[in-house]
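Have a look at entry_16.csv below; it lists CSV, C-alpha atoms.
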```
chain,number,residue,atom,x,y,z
A,1,MET,CA,154.7,22.0,122.2
A,2,THR,CA,151.2,20.9,121.4
A,3,SER,CA,149.7,21.0,117.9
A,4,ILE,CA,147.4,23.9,119.0
A,5,GLN,CA,150.3,26.0,120.2
A,6,PHE,CA,152.2,25.3,117.0
A,7,ALA,CA,149.2,26.4,114.9
A,8,GLU,CA,148.8,29.6,116.9
A,9,ARG,CA,152.6,30.5,116.4
A,10,ALA,CA,152.3,29.7,112.6
A,11,ILE,CA,149.3,32.1,112.3
A,12,LEU,CA,151.1,34.8,114.2
A,13,ALA,CA,154.2,34.5,112.0
A,14,ALA,CA,152.0,34.7,108.9
A,15,LEU,CA,150.3,37.8,110.1
A,16,THR,CA,153.6,39.5,111.1
A,17,ALA,CA,155.1,38.7,107.6
A,18,ALA,CA,152.0,40.1,105.9
A,19,GLY,CA,152.2,43.3,108.0
A,20,LEU,CA,155.9,43.7,107.1
A,21,ALA,CA,155.1,43.2,103.5
A,22,CYS,CA,152.3,45.8,103.5
A,23,GLY,CA,154.6,48.3,105.3
A,24,ALA,CA,157.3,47.7,102.7
A,25,ALA,CA,154.7,48.0,99.9
A,26,ARG,CA,153.4,51.2,101.4
A,27,ALA,CA,156.9,52.6,101.7
A,28,ALA,CA,157.6,51.8,98.1
A,29,ASP,CA,154.1,53.0,97.0
A,30,PRO,CA,154.7,55.9,94.5
A,31,GLN,CA,151.3,57.3,95.4
A,32,SER,CA,152.6,58.4,98.8
A,33,GLU,CA,154.5,61.2,97.0
A,34,GLY,CA,153.3,64.1,94.9
A,35,ARG,CA,154.7,66.9,92.9
A,36,VAL,CA,154.1,70.6,92.8
A,37,GLU,CA,152.6,71.5,89.4
A,38,ARG,CA,151.9,74.8,87.6
A,39,ARG,CA,148.6,74.9,85.7
A,40,THR,CA,145.2,76.5,85.6
A,41,VAL,CA,142.8,75.4,88.4
A,42,GLU,CA,139.1,76.0,88.7
A,43,ASP,CA,137.2,76.3,92.0
A,44,VAL,CA,134.1,74.3,91.0
A,45,PHE,CA,131.0,73.8,93.2
A,46,LEU,CA,128.7,71.0,92.2
A,47,LEU,CA,124.9,71.2,92.2
A,48,THR,CA,122.2,68.7,91.1
A,49,GLY,CA,118.9,69.7,89.5
A,50,GLU,CA,116.6,69.2,86.6
A,51,LEU,CA,115.6,71.0,83.4
A,52,ALA,CA,112.6,73.2,83.5
A,53,ALA,CA,110.9,75.5,80.9
A,54,VAL,CA,111.4,79.2,81.3
A,55,ARG,CA,107.9,79.7,79.9
A,56,SER,CA,104.9,77.3,80.0
A,57,ILE,CA,101.1,77.3,79.7
A,58,GLU,CA,99.6,76.3,83.0
A,59,LEU,CA,96.5,74.1,83.1
A,60,ALA,CA,95.1,74.8,86.6
A,61,VAL,CA,91.9,73.6,88.2
A,62,PRO,CA,89.2,76.2,87.7
A,63,ARG,CA,87.2,77.8,90.4
A,64,ILE,CA,84.0,75.7,90.6
A,65,PRO,CA,81.0,76.9,92.6
A,66,GLY,CA,80.3,74.5,95.4
A,67,ALA,CA,83.6,72.7,95.1
A,68,GLY,CA,84.7,73.6,98.6
A,69,GLY,CA,86.3,70.2,99.2
A,70,GLY,CA,88.3,70.2,95.9
A,71,VAL,CA,87.7,68.2,92.8
A,72,GLN,CA,88.9,64.8,91.9
A,73,VAL,CA,91.0,63.9,88.8
A,74,LYS,CA,89.0,61.5,86.7
A,75,TRP,CA,91.7,61.1,83.9
A,76,ILE,CA,95.0,62.7,83.1
A,77,ALA,CA,97.4,62.3,80.2
A,78,GLU,CA,100.8,60.6,80.7
A,79,ASP,CA,103.8,62.7,81.6
A,80,GLY,CA,105.7,63.6,78.4
A,81,ALA,CA,102.8,62.8,76.1
A,82,GLU,CA,102.5,64.9,72.9
A,83,VAL,CA,99.1,66.5,72.4
A,84,LYS,CA,97.5,68.6,69.7
A,85,ALA,CA,95.6,71.8,70.1
A,86,GLY,CA,92.2,71.1,71.6
A,87,ASP,CA,93.1,67.7,73.0
A,88,VAL,CA,91.9,66.9,76.5
A,89,VAL,CA,94.9,66.9,78.9
A,90,VAL,CA,93.1,66.6,82.2
A,91,GLU,CA,89.5,65.5,82.9
A,92,LEU,CA,88.1,66.3,86.3
A,93,ASP,CA,85.1,64.5,88.0
A,94,ASN,CA,81.8,66.1,87.0
A,95,THR,CA,79.5,64.2,89.2
A,96,ARG,CA,78.9,67.1,91.6
A,97,ILE,CA,78.6,69.7,88.8
A,98,SER,CA,76.1,67.5,86.8
A,99,GLY,CA,73.8,67.2,89.8
A,100,THR,CA,74.1,70.9,90.5
A,101,LEU,CA,73.4,71.7,86.8
A,102,ASP,CA,70.2,69.6,86.8
A,103,GLU,CA,69.0,71.3,89.9
A,104,ARG,CA,69.7,74.8,88.5
A,105,ARG,CA,68.0,73.9,85.2
A,106,SER,CA,64.9,72.8,87.1
A,107,ARG,CA,64.9,76.1,89.0
A,108,ALA,CA,65.2,78.0,85.7
A,109,ILE,CA,62.3,76.2,84.2
A,110,GLN,CA,60.2,76.9,87.3
A,111,ALA,CA,61.1,80.6,87.2
A,112,ALA,CA,60.2,80.8,83.5
A,113,ILE,CA,56.8,79.1,84.1
A,114,ALA,CA,56.1,81.5,87.0
A,115,LEU,CA,57.0,84.5,84.8
A,116,GLU,CA,54.7,83.2,82.0
A,117,GLN,CA,51.8,82.5,84.4
A,118,ARG,CA,52.1,85.9,86.0
A,119,GLU,CA,52.3,87.6,82.6
A,120,SER,CA,49.1,85.8,81.5
A,121,ALA,CA,47.3,86.7,84.8
A,122,LEU,CA,48.4,90.4,84.5
A,123,GLN,CA,47.3,90.5,80.9
A,124,ALA,CA,43.8,89.3,81.9
A,125,GLU,CA,43.7,91.8,84.7
A,126,ARG,CA,44.9,94.6,82.4
A,127,SER,CA,42.2,93.8,79.9
A,128,GLN,CA,39.6,93.9,82.6
A,129,LYS,CA,40.9,97.2,83.9
A,130,ALA,CA,41.0,98.6,80.4
A,131,PHE,CA,37.4,97.5,79.7
A,132,GLU,CA,36.3,99.1,83.0
A,133,LEU,CA,38.1,102.4,82.0
A,134,GLU,CA,36.5,102.3,78.6
A,135,ARG,CA,33.0,101.7,80.1
A,136,THR,CA,33.4,104.6,82.6
A,137,THR,CA,34.7,106.8,79.8
A,138,VAL,CA,31.5,106.2,77.8
A,139,GLU,CA,29.3,106.7,80.8
A,140,ARG,CA,31.1,109.9,81.7
A,141,GLU,CA,30.6,111.3,78.2
A,142,GLN,CA,26.9,110.4,78.3
A,143,ALA,CA,26.6,112.0,81.7
A,144,ARG,CA,28.3,115.2,80.3
A,145,VAL,CA,25.8,115.3,77.4
A,146,GLU,CA,22.8,114.9,79.8
A,147,ALA,CA,24.2,117.4,82.2
A,148,ALA,CA,24.8,120.0,79.5
A,149,VAL,CA,21.0,120.5,78.9
A,150,PRO,CA,20.1,123.8,80.4
A,151,LEU,CA,17.9,124.1,83.5
A,152,GLU,CA,15.3,126.0,81.5
A,153,LEU,CA,14.7,122.9,79.3
A,154,ARG,CA,14.3,120.4,82.2
A,155,ALA,CA,12.5,120.1,85.4
A,156,ARG,CA,14.7,121.3,88.3
A,157,LYS,CA,14.6,117.9,90.0
A,158,GLU,CA,15.7,116.1,86.8
A,159,TRP,CA,18.4,118.7,86.1
A,160,HIS,CA,19.9,118.1,89.6
A,161,GLU,CA,19.8,114.3,89.1
A,162,LYS,CA,21.7,114.7,85.8
A,163,GLN,CA,24.3,116.9,87.5
A,164,GLN,CA,24.7,114.3,90.3
A,165,ALA,CA,25.0,111.5,87.7
A,166,LEU,CA,27.9,113.5,86.0
A,167,VAL,CA,29.7,113.7,89.3
A,168,ARG,CA,29.4,110.0,89.9
A,169,ALA,CA,30.5,109.3,86.3
A,170,GLU,CA,33.5,111.5,86.7
A,171,ALA,CA,34.4,109.7,90.0
A,172,ASP,CA,34.0,106.3,88.4
A,173,PHE,CA,36.1,107.3,85.5
A,174,GLU,CA,38.9,108.7,87.8
A,175,LYS,CA,38.8,105.5,89.9
A,176,ALA,CA,39.1,103.3,86.8
A,177,ARG,CA,41.9,105.4,85.4
A,178,LEU,CA,43.9,105.2,88.7
A,179,ALA,CA,43.2,101.5,88.8
A,180,VAL,CA,44.7,101.1,85.4
A,181,GLU,CA,47.8,103.1,86.3
A,182,ALA,CA,48.3,101.3,89.7
A,183,HIS,CA,47.9,98.0,87.9
A,184,ALA,CA,50.5,98.9,85.4
A,185,ARG,CA,53.0,99.9,88.1
A,186,THR,CA,52.3,96.8,90.2
A,187,ALA,CA,52.5,94.5,87.1
A,188,GLU,CA,55.8,96.1,86.1
A,189,ALA,CA,57.2,95.6,89.6
A,190,ASP,CA,56.0,92.0,89.8
A,191,LEU,CA,57.4,91.1,86.3
A,192,ARG,CA,60.7,92.8,87.1
A,193,VAL,CA,61.1,90.6,90.2
A,194,LEU,CA,60.2,87.5,88.3
A,195,ARG,CA,62.6,88.4,85.4
A,196,ILE,CA,65.4,89.0,87.8
A,197,THR,CA,64.7,85.6,89.4
A,198,LEU,CA,64.7,84.0,85.9
A,199,ASP,CA,67.9,85.8,84.8
A,200,LYS,CA,69.6,84.7,88.0
A,201,ALA,CA,68.6,81.1,87.4
A,202,LEU,CA,69.7,81.3,83.8
A,203,ARG,CA,73.1,82.8,84.8
A,204,GLU,CA,73.5,80.0,87.4
A,205,VAL,CA,72.7,77.4,84.6
A,206,ALA,CA,75.3,79.1,82.3
A,207,GLN,CA,77.8,79.2,85.1
A,208,ALA,CA,77.3,75.5,85.8
A,209,GLU,CA,77.6,74.6,82.1
A,210,ASP,CA,80.8,76.7,81.9
A,211,SER,CA,82.1,74.9,85.0
A,212,LEU,CA,81.2,71.5,83.4
A,213,ARG,CA,83.1,72.4,80.2
A,214,GLY,CA,85.9,73.8,82.4
A,215,LEU,CA,86.3,70.3,84.0
A,216,GLN,CA,88.0,69.3,80.7
A,217,LEU,CA,91.4,71.0,80.6
A,218,ARG,CA,92.3,71.2,76.9
A,219,ALA,CA,95.6,72.0,75.3
A,220,PRO,CA,95.5,75.5,73.7
A,221,ARG,CA,98.3,74.6,71.4
A,222,PRO,CA,100.4,71.6,70.4
A,223,GLY,CA,103.0,70.5,72.9
A,224,VAL,CA,104.4,68.1,75.4
A,225,VAL,CA,102.5,67.5,78.7
A,226,LEU,CA,104.3,68.0,81.9
A,227,LEU,CA,102.3,66.9,84.9
A,228,GLY,CA,102.0,69.1,88.0
A,229,ARG,CA,103.1,67.9,91.4
A,230,THR,CA,101.0,67.4,94.5
A,231,PRO,CA,102.0,69.8,97.3
A,232,ASN,CA,101.6,67.3,100.1
A,233,GLU,CA,103.6,64.4,98.6
A,234,ASP,CA,105.7,66.1,95.9
A,235,ARG,CA,104.9,63.5,93.2
A,236,PRO,CA,103.2,63.8,89.8
A,237,VAL,CA,99.5,64.3,89.7
A,238,GLN,CA,97.6,61.1,88.9
A,239,ALA,CA,94.0,59.9,88.6
A,240,ALA,CA,91.9,60.0,91.8
A,241,ASP,CA,93.9,62.8,93.3
A,242,ASN,CA,91.9,65.5,94.9
A,243,LEU,CA,92.9,69.0,93.7
A,244,TRP,CA,91.9,72.4,94.9
A,245,PRO,CA,91.0,75.3,92.6
A,246,GLY,CA,94.1,77.1,91.3
A,247,TRP,CA,96.4,74.1,91.6
A,248,ARG,CA,98.4,73.3,88.5
A,249,ALA,CA,97.3,69.9,87.2
A,250,ALA,CA,99.6,70.0,84.1
A,251,SER,CA,101.4,72.4,81.9
A,252,LEU,CA,102.7,72.7,78.3
A,253,PRO,CA,106.2,73.9,78.5
A,254,ASP,CA,107.9,76.0,75.8
A,255,LEU,CA,110.7,73.8,74.7
A,256,SER,CA,112.5,76.6,72.8
A,257,GLU,CA,114.1,77.9,76.1
A,258,LEU,CA,115.0,75.7,79.0
A,259,GLU,CA,116.9,76.3,82.3
A,260,VAL,CA,118.1,74.3,85.2
A,261,GLN,CA,116.5,74.5,88.6
A,262,ALA,CA,118.8,73.2,91.3
A,263,TYR,CA,119.0,73.5,95.1
A,264,LEU,CA,121.9,74.8,97.2
A,265,PRO,CA,122.1,73.0,100.6
A,266,GLU,CA,121.6,75.3,103.6
A,267,VAL,CA,125.1,74.4,104.9
A,268,ASP,CA,126.6,75.8,101.7
A,269,ASP,CA,124.7,79.1,101.8
A,270,GLY,CA,126.7,81.9,100.1
A,271,ARG,CA,129.0,79.6,98.1
A,272,VAL,CA,127.0,80.2,94.9
A,273,ALA,CA,126.2,83.7,93.6
A,274,PRO,CA,124.4,85.1,90.5
A,275,GLY,CA,126.6,85.8,87.6
A,276,GLN,CA,128.9,82.9,88.0
A,277,ALA,CA,129.6,80.7,85.0
A,278,ALA,CA,128.4,77.2,85.0
A,279,ARG,CA,128.7,73.9,83.0
A,280,VAL,CA,125.6,71.7,82.7
A,281,ILE,CA,125.9,68.0,82.0
A,282,LEU,CA,122.7,66.1,81.5
A,283,ASP,CA,122.4,62.5,82.8
A,284,SER,CA,121.0,61.5,79.5
A,285,ALA,CA,124.1,62.7,77.6
A,286,LEU,CA,127.1,62.7,79.9
A,287,GLY,CA,129.5,63.4,77.0
A,288,ARG,CA,128.0,66.8,76.2
A,289,VAL,CA,128.7,70.0,78.2
A,290,HIS,CA,126.3,72.9,77.9
A,291,ALA,CA,127.4,76.4,78.9
A,292,GLY,CA,125.3,78.2,81.4
A,293,ARG,CA,125.2,81.0,84.0
A,294,VAL,CA,123.8,81.3,87.5
A,295,GLU,CA,120.9,83.7,87.3
A,296,THR,CA,119.3,83.8,90.7
A,297,VAL,CA,119.8,82.3,94.2
A,298,ALA,CA,116.7,82.3,96.4
A,299,ALA,CA,117.0,84.3,99.6
A,300,VAL,CA,114.8,81.9,101.5
A,301,ALA,CA,115.3,78.1,101.8
A,302,GLN,CA,112.6,75.8,100.4
A,303,ASP,CA,110.6,73.4,102.4
A,304,ALA,CA,113.0,70.8,103.8
A,305,ARG,CA,110.5,68.0,103.4
A,306,PHE,CA,111.0,67.8,99.6
A,307,ALA,CA,113.8,70.1,98.3
A,308,ALA,CA,115.8,71.4,101.2
A,309,GLY,CA,118.0,74.4,100.3
A,310,PHE,CA,118.0,77.5,98.3
A,311,LYS,CA,116.5,77.4,94.8
A,312,VAL,CA,119.1,78.2,92.1
A,313,ARG,CA,118.2,79.1,88.5
A,314,VAL,CA,120.8,78.4,85.9
A,315,SER,CA,120.2,79.7,82.4
A,316,LEU,CA,121.5,77.9,79.3
A,317,VAL,CA,123.4,79.7,76.5
A,318,LYS,CA,121.7,77.4,74.0
A,319,THR,CA,118.7,75.1,74.2
A,320,ASP,CA,118.6,71.9,72.2
A,321,PRO,CA,114.9,70.9,71.9
A,322,ASP,CA,115.8,67.6,70.3
A,323,ALA,CA,117.9,66.4,73.2
A,324,MET,CA,116.5,68.4,76.1
A,325,ARG,CA,113.2,67.8,77.9
A,326,PRO,CA,111.8,69.3,81.1
A,327,GLY,CA,112.4,67.0,84.1
A,328,LEU,CA,115.7,65.5,82.9
A,329,SER,CA,118.3,65.4,85.7
A,330,ALA,CA,121.4,67.5,85.3
A,331,ARG,CA,124.7,68.1,87.1
A,332,VAL,CA,125.8,71.7,87.4
A,333,GLU,CA,129.4,72.7,87.8
A,334,VAL,CA,129.4,76.3,89.1
A,335,VAL,CA,132.8,77.9,88.3
A,336,ARG,CA,133.4,80.2,91.3
A,337,ARG,CA,137.0,81.1,90.6
A,338,VAL,CA,139.7,80.4,88.1
A,339,PHE,CA,143.4,80.4,89.1
A,340,GLU,CA,145.5,81.0,86.0
A,341,ASN,CA,149.1,79.5,85.9
A,342,ALA,CA,149.0,78.7,89.6
A,343,LEU,CA,151.2,76.5,91.7
A,344,VAL,CA,149.2,73.5,92.7
A,345,VAL,CA,150.0,70.9,95.4
A,346,PRO,CA,147.8,67.8,96.4
A,347,ARG,CA,145.7,68.7,99.4
A,348,ALA,CA,146.8,65.6,101.2
A,349,ALA,CA,150.3,67.1,101.4
A,350,VAL,CA,149.2,70.1,103.4
A,351,THR,CA,149.0,70.2,107.1
A,352,TRP,CA,148.0,73.0,109.4
A,353,GLU,CA,149.4,74.2,112.6
A,354,GLY,CA,146.9,76.8,113.7
A,355,PRO,CA,146.8,79.4,110.9
A,356,HIS,CA,150.1,78.3,109.4
A,357,ALA,CA,150.3,75.7,106.6
A,358,ARG,CA,153.2,73.3,106.1
A,359,VAL,CA,154.1,70.7,103.5
A,360,ARG,CA,156.3,67.7,104.3
A,361,ARG,CA,159.0,66.6,102.0
A,362,PRO,CA,159.7,62.9,101.3
A,363,GLY,CA,162.7,63.0,103.6
A,364,GLY,CA,160.6,64.2,106.6
A,365,ASP,CA,161.5,67.9,106.6
A,366,ALA,CA,158.5,70.3,106.6
A,367,SER,CA,158.4,73.6,104.6
A,368,ALA,CA,156.2,76.5,105.4
A,369,VAL,CA,153.9,77.5,102.5
A,370,THR,CA,151.4,80.2,101.7
A,371,VAL,CA,148.0,78.8,100.7
A,372,THR,CA,145.9,80.9,98.5
A,373,ALA,CA,142.9,78.5,98.4
A,374,CYS,CA,142.2,74.9,99.1
A,375,LEU,CA,139.9,73.0,96.8
A,376,ALA,CA,138.4,69.5,97.1
A,377,LEU,CA,141.6,67.6,96.1
A,378,GLU,CA,144.3,70.3,95.8
A,379,CYS,CA,145.5,73.6,97.2
A,380,VAL,CA,146.7,76.6,95.3
A,381,LEU,CA,150.0,78.0,96.7
A,382,GLY,CA,151.1,81.6,96.9
A,383,GLY,CA,154.7,80.7,97.8
A,384,GLY,CA,157.1,78.4,99.7
A,385,LEU,CA,157.6,75.7,97.0
A,386,GLU,CA,158.7,75.6,93.4
A,387,GLU,CA,157.3,73.8,90.4
A,388,GLY,CA,158.5,70.2,90.3
A,389,ASP,CA,159.2,69.9,94.0
A,390,ARG,CA,158.3,66.6,95.6
A,391,VAL,CA,156.0,66.4,98.6
A,392,ALA,CA,154.9,63.6,100.9
A,393,LEU,CA,151.3,62.7,101.1
A,394,ARG,CA,149.5,61.9,104.3
```
Final C-alpha cells representation of the file:
Amino acid sequence: MTSIQFAERAILAALTAAGLACGAARAADPQSEGRVERRTVEDVFLLTGELAAVRSIELAVPRIPGAGGGVQVKWIAEDGAEVKAGDVVVELDNTRISGTLDERRSRAIQAAIALEQRESALQAERSQKAFELERTTVEREQARVEAAVPLELRARKEWHEKQQALVRAEADFEKARLAVEAHARTAEADLRVLRITLDKALREVAQAEDSLRGLQLRAPRPGVVLLGRTPNEDRPVQAADNLWPGWRAASLPDLSELEVQAYLPEVDDGRVAPGQAARVILDSALGRVHAGRVETVAAVAQDARFAAGFKVRVSLVKTDPDAMRPGLSARVEVVRRVFENALVVPRAAVTWEGPHARVRRPGGDASAVTVTACLALECVLGGGLEEGDRVALR
C-alpha cells in the first residue's frame, strides 16, 4: 500500500467516524422531540412602519405666476430642527420673481406717467373748451340784446343783420356747449382706460411682491420641522431641488397625537383588517410596548417603486411626545386572533397528507390530529393529543 492510498483510507475513516458521531448526537439531541402544551396563543402578524403625526401644518410651494417650470429650493432647515413662530423654514429661489417684479414696477411707473400726462393734456383742453363756451355765451347774450331792439327803432337792414347775428351766436354757443360735453365724455373714457391700465400694473406689482414674500415659507407656530419627500426619488427635500407649486416642502407636525403608518405586502392582502389590536415597539426603545389599534387599510396598493403594498394606519392609545418623534421606525404586532387555554404543538411536528394532519410520536407511530390553526412556529390543536404528550420533530 502506498502512502497516498494510506492517507486516503485514513481520511475516509475519519469522515465515517464523524458521520456516525453526528448521527448519534442527532439521535440523542433533545431538540428532536417536543411536547404538547396548554396555554394561550396569539396569532400575530408583523408589520414595519414609522411614526407620523395625525395633524400637521403643511408648508407647500405657493402658486407663483410665471413659474411654469417649478421653483428651486435655495435653503431649507434641517430635518427635526426646532423653530419658533415666524422663523424661515424654507427659502425658495427668487431670481425669476425679482426680475419680473422690476419689469412690472417699470410698467406701473410708465402707466402712472401716461395717466398724469393725459390728465394734464385733458385739463388744458377742458380749460380751452370752457373758455370758448364762456366767450360764445357772452356773444350770445350781446346778440340777444341787439336783436331785441324793435324794428321800428332801427333800419330794416340793420335789424335783419342783428337777427342773423343772434342766429350765428346761438349756433356758436350750441357748438361750444356740445364740444364741452363731448370732451368731458371722451376725457372720462380715456382716463378710465388709463386708470384700468395703471390698476392692473399695480395689482401685478402687488402680486409679484406677495409672491416674493411667499418664497420664504415661515413657521406659523413653534414646532419641529419635518421635511417633505420628493415624489420622484422618495427622499427628503434638500437645497437645489426643483419643486412644483402645491408640493409639500416641509411640515410642522402636531406632536400631541401620533400614529404609525405601515405597509401590508400585496401577497398578504386580507391578513390585516381595521379594528384589530396591535402592539407598537419603537426601534429607539425596544423595551417599551405601546398599545394600538388598526384604523384603516388602504383599498389600493401604493406605488411599488417606493412603498409597495397597502397603507395601514395604526393609532396609538397614548402618545409620549418626549420619546416619540415623526419618522422613527416602528415594529407593529397586529393581534389577529387569540386562542385561550389551547393545546399547542410545535409546527415542526405536524405533517400533512392531503387535507389530513398527523403528528409522529418519538417511537415512530403517527397520530391523526385536528388542527385549528397553524402559526409561524406552532399549531393549535382541536383534538387528537393530550397535554404533555411527546411528539417527534422533523
* Which of these, A:Glu257, A:Val345, A:Arg358, A:Glu387, has the shortest distance to Cys374 (chain A) once you count all atoms listed in the file? -> A:Val345
* Asked: Interatomic distance between CA of Val41 (chain A) and CA of Gly382 (chain A)?
  -> 13.4 Å
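As for CA of Glu82 (chain A) and CA of Tyr263 (chain A), they are spaced 29.0 Å apart.
Distance annotation: of A:Arg213, A:Arg177, A:Arg235, A:Arg288, the residue with the minimal separation from Arg135 (chain A) is A:Arg177; atom set is all atoms listed in the file.
Nearest to Glu58 (chain A) of all the residues A:Arg313, A:Arg271, A:Leu226, A:Ala112 is A:Leu226, counting only C-alpha atoms.
Applying the 12 Å criterion to (71.9, 82.0, 86.0) in file coordinates and using all atoms listed in the file, one obtains the residues A:Leu101, A:Glu103, A:Arg104, A:Arg105, A:Ser106, A:Arg107, A:Ala108, A:Ile109, A:Ala111, A:Arg195, A:Ile196, A:Thr197, A:Leu198, A:Asp199, A:Lys200, A:Ala201, A:Leu202, A:Arg203, A:Glu204, A:Val205, A:Ala206, A:Gln207, A:Ala208, A:Glu209, A:Asp210.
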* Which residues, written as a PyMOL selection string, have at least one atom at most 9 Å from region 325-342 of chain A, with only C-alpha atoms counted and residues fewer than 3 positions away on the same chain left out? -> chain A and resi 37-53+80+226+253+255+258-260+262+271-273+276-284+292-294+314+320-322+380-382
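Across the structure, CA of Cys379 (chain A) and CA of Val344 (chain A) are spaced 5.8 Å apart.
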* **7 Å contact set for Leu264 (chain A), all atoms listed in the file, chain neighbours under 2 positions out, as a PyMOL selection string** => chain A and resi 47+262+266+268-269+309-312
